[in-house]
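Please read the structure below before turning to the comments.
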Amino acid sequence: MELSHSENIILRNILNTPIYLENAKPDFFKNSSFGEIHRLAKKFWDKYNEIPSKEQMKESAKLEGVTDKVELSEIEAVYSIELSSYQEDWLTETTECFIEYKNLTKSAVDAVQYIQKTPVTAENIKEVINTFKNIVVERNNLDFSFDEGLDFFNPESHKQLSHNTFKSGFPFIDTVLGGGFSAKSLYVFMGMPKVGKSLWLGNLAIQASRMGNNVAIITLEMNDRKYAKRIGANMLSIPIGEYSSTANDTQLIKKKISNVQFDNLQVPGRIWIKEFPTSQASSVDVERYLRKVEEHHGIKFKVVVIDYINILKNWRNPNSENTYIKIKQIAEDLRGIAMANEWAILTATQTKQGDFDSTDLTITSAAESSGLVATVDGLFGIIQDPIMYANREYKLKLIANRDDGYKNSHKMFNVDYNYMRITENNEPIHVE
């Protein structure tokens, strides 16, 4: 790998970016003057917690008496490089590649030298192996995504970023949540057994895709093909009772899929459906899978649907029978991976047994409610009594909202079971 022709540009970018300055080393540079400039900048950063200006760098060189190693004209030349003349992605990729490669080669050399200089015996072999691994692995565990957080006294820190919020496809949800779902958030839809929680999650996934967002569906109860059948009946307008036979016609399905793209002014986002065994997958397993798909296909998920939270595995306490702790910790872990990966995670939970036949739902209706409600960004109740079922209706109620507002408001929805499709009716929002 040869990057010496770009070392001056890379050094200038390093001097402009603290996280690069922290991870680079003076001996990474073939040009010894560049290495000296880096050393001076790092020393200045460690002392004053800011990157030196051109004049400060020159003064540092004079004070340390190293102008024989780096001429002031060389410092001038490096600082005169205009980074705005280069494409930002190229600068980032080239600089990070340079640091990672130099770090790798240096750690590899050091590891080999350690092996050559260390007498190996039966008593110390494991220690030697671990030390060797640490030299190679730990030194190459670089993270360029360090987030310093918000500076409260910087006015820019107070702007509310609208791009983190996106429409759900249902006006009621968008209204009560202040614009729609938000990245780095966890939303839970609660309902009694067999009320149609998976039906709702599937419709939310479809609407997210229609909005142009990439969606992942993690199913822990229903197998992946059945989930695809429900999604397909809705999106491809194939009656659910005819789906199995119709799906065998590959050319017809291909045509219907292409029509989905033409029917929507916005190119739909991709939908991935992954089946995990019930209670065998944890939030760690889910995150690992999703990130692999993102990396392998070069995509970014916006919405992650998990069907459903109660049958995820709690990796922190896998053998605990305390359901309060289980749901609380799983909810915390889901919100944690949502924040780390900038996903909006949508999942469902069951009501407690005493509310199985209730015609209204409240915060106390959630099984282990206090542990769940304290963590979620939005909690919705899915309500359907026998009369609503006969009329093919649902009531969706906002039970808890992190940003407050519209609490206990609700709206009626229509459902077409033939196509597994939920639509919002034209009645106004009922606000309590």
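Note on naming: chains are A, B, ... as they come in the structure tokens, residues start from 1 per chain, ligands start from 1 in the order shown.
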List the spatial neighbours of A:Leu104 as a VMD selection string - criterion: any atom at most 9 Å away, only C-alpha atoms, same-chain residues fewer than 5 positions off excluded.
chain A and resid 99 109 136 139 to 140
Those same residues - C-alpha atoms - I'd like them written as a short mmCIF file (atom, residue, chain, number, x, y, z; two decimals), in the first residue's frame.
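What landed in result-v5.cif:
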data_model
loop_
_atom_site.label_atom_id
_atom_site.label_comp_id
_atom_site.auth_asym_id
_atom_site.auth_seq_id
_atom_site.Cartn_x
_atom_site.Cartn_y
_atom_site.Cartn_z
CA ILE A 99 -3.99 5.21 9.97
CA VAL A 109 6.14 -6.05 13.38
CA VAL A 136 -2.33 -7.29 17.19
CA ARG A 139 -3.95 -1.96 18.90
CA ASN A 140 -6.14 -2.35 15.83
#
Residues within 12 Å of A:Phe98, please, as a ChimeraX atom specification. Count only C-alpha atoms; anything in the same chain fewer than 5 positions from it doesn't count.
/A:1-11,13-14,20,23-25,28-30,90-93,103-105
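Among the candidate residues A:Lys328, A:Lys133, A:Lys352, A:Lys255, the one lying nearest to A:Ala366 is A:Lys352, with distances computed using only C-alpha atoms.
Counting only C-alpha atoms and comparing A:Ser85, A:Thr351, A:Thr95, A:Ser32, the residue that lies closest to A:Leu15 is A:Thr95.
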Contacts of stretch 206-211 of chain A at 8 Å (only C-alpha atoms; same-chain gap of 4+ positions) as a list in words:
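Once the nearby chain positions are removed, what remains is Lys167, Ser168, Gly169, Phe170, Gly202, Val215, Ile231, Met235, Asn264, Gln266, Val267, Pro268, Gly269, Arg270, Ile271 and Val303 of chain A.
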Give me, as JSON lines, the closest atom pair and its distance (Å, one decimal) for every residue of stretch 223-307 of chain A within a cut-off of 10 Å of stretch 317-327 of chain A, counting only C-alpha atoms, rows sorted by chain and rising number.
{"residue": "A:Ser279", "atom": "CA", "partner": "A:Pro318", "partner_atom": "CA", "distance": 9.5}
{"residue": "A:Gln280", "atom": "CA", "partner": "A:Pro318", "partner_atom": "CA", "distance": 9.7}
{"residue": "A:Ser282", "atom": "CA", "partner": "A:Pro318", "partner_atom": "CA", "distance": 9.4}
Residues from last step as file, all heavy atoms, as a PDB file, in the first residue's frame:
ATOM      1  N   SER A 279     -37.411 -17.134  21.868  1.00  0.00           N
ATOM      2  CA  SER A 279     -36.640 -17.030  23.118  1.00  0.00           C
ATOM      3  C   SER A 279     -35.191 -17.481  22.993  1.00  0.00           C
ATOM      4  O   SER A 279     -34.517 -17.688  24.006  1.00  0.00           O
ATOM      5  CB  SER A 279     -37.327 -17.831  24.248  1.00  0.00           C
ATOM      6  OG  SER A 279     -38.611 -17.304  24.502  1.00  0.00           O
ATOM      7  N   GLN A 280     -34.700 -17.601  21.764  1.00  0.00           N
ATOM      8  CA  GLN A 280     -33.309 -18.011  21.562  1.00  0.00           C
ATOM      9  C   GLN A 280     -32.417 -16.866  21.095  1.00  0.00           C
ATOM     10  O   GLN A 280     -31.193 -16.964  21.130  1.00  0.00           O
ATOM     11  CB  GLN A 280     -33.239 -19.150  20.531  1.00  0.00           C
ATOM     12  CG  GLN A 280     -33.966 -20.418  20.932  1.00  0.00           C
ATOM     13  CD  GLN A 280     -33.448 -20.983  22.241  1.00  0.00           C
ATOM     14  OE1 GLN A 280     -32.271 -21.263  22.391  1.00  0.00           O
ATOM     15  NE2 GLN A 280     -34.350 -21.144  23.202  1.00  0.00           N
ATOM     16  N   SER A 282     -31.211 -12.831  21.357  1.00  0.00           N
ATOM     17  CA  SER A 282     -31.169 -11.657  22.225  1.00  0.00           C
ATOM     18  C   SER A 282     -30.990 -10.408  21.373  1.00  0.00           C
ATOM     19  O   SER A 282     -30.802 -10.485  20.153  1.00  0.00           O
ATOM     20  CB  SER A 282     -30.006 -11.769  23.208  1.00  0.00           C
ATOM     21  OG  SER A 282     -28.769 -11.667  22.504  1.00  0.00           O
TER      22      SER A 282
END
Within 9 Å of A:Ala331, counting only C-alpha atoms, which residues qualify if same-chain residues fewer than 4 places away don't, as a PyMOL selection string?
chain A and resi 186+309+326-327+335-336+371-372+375-376
Could you state the separation of atom CA of A:Val70 and atom CA of A:Asn16 in Å, given to one decimal place?
19.2 Å
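Take the candidates A:Glu96, A:Glu221, A:Asp285, A:Glu22 and check each one against A:Trp315 using only C-alpha atoms; the shortest distance goes to A:Asp285.
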Please run DSSP on the backbone and report, as a ChimeraX atom specification, all residues within stretch 148-375 of chain A that come out as strand (DSSP E).
/A:165-166,181-182,185-191,215-219,271-275,303-307,344-350
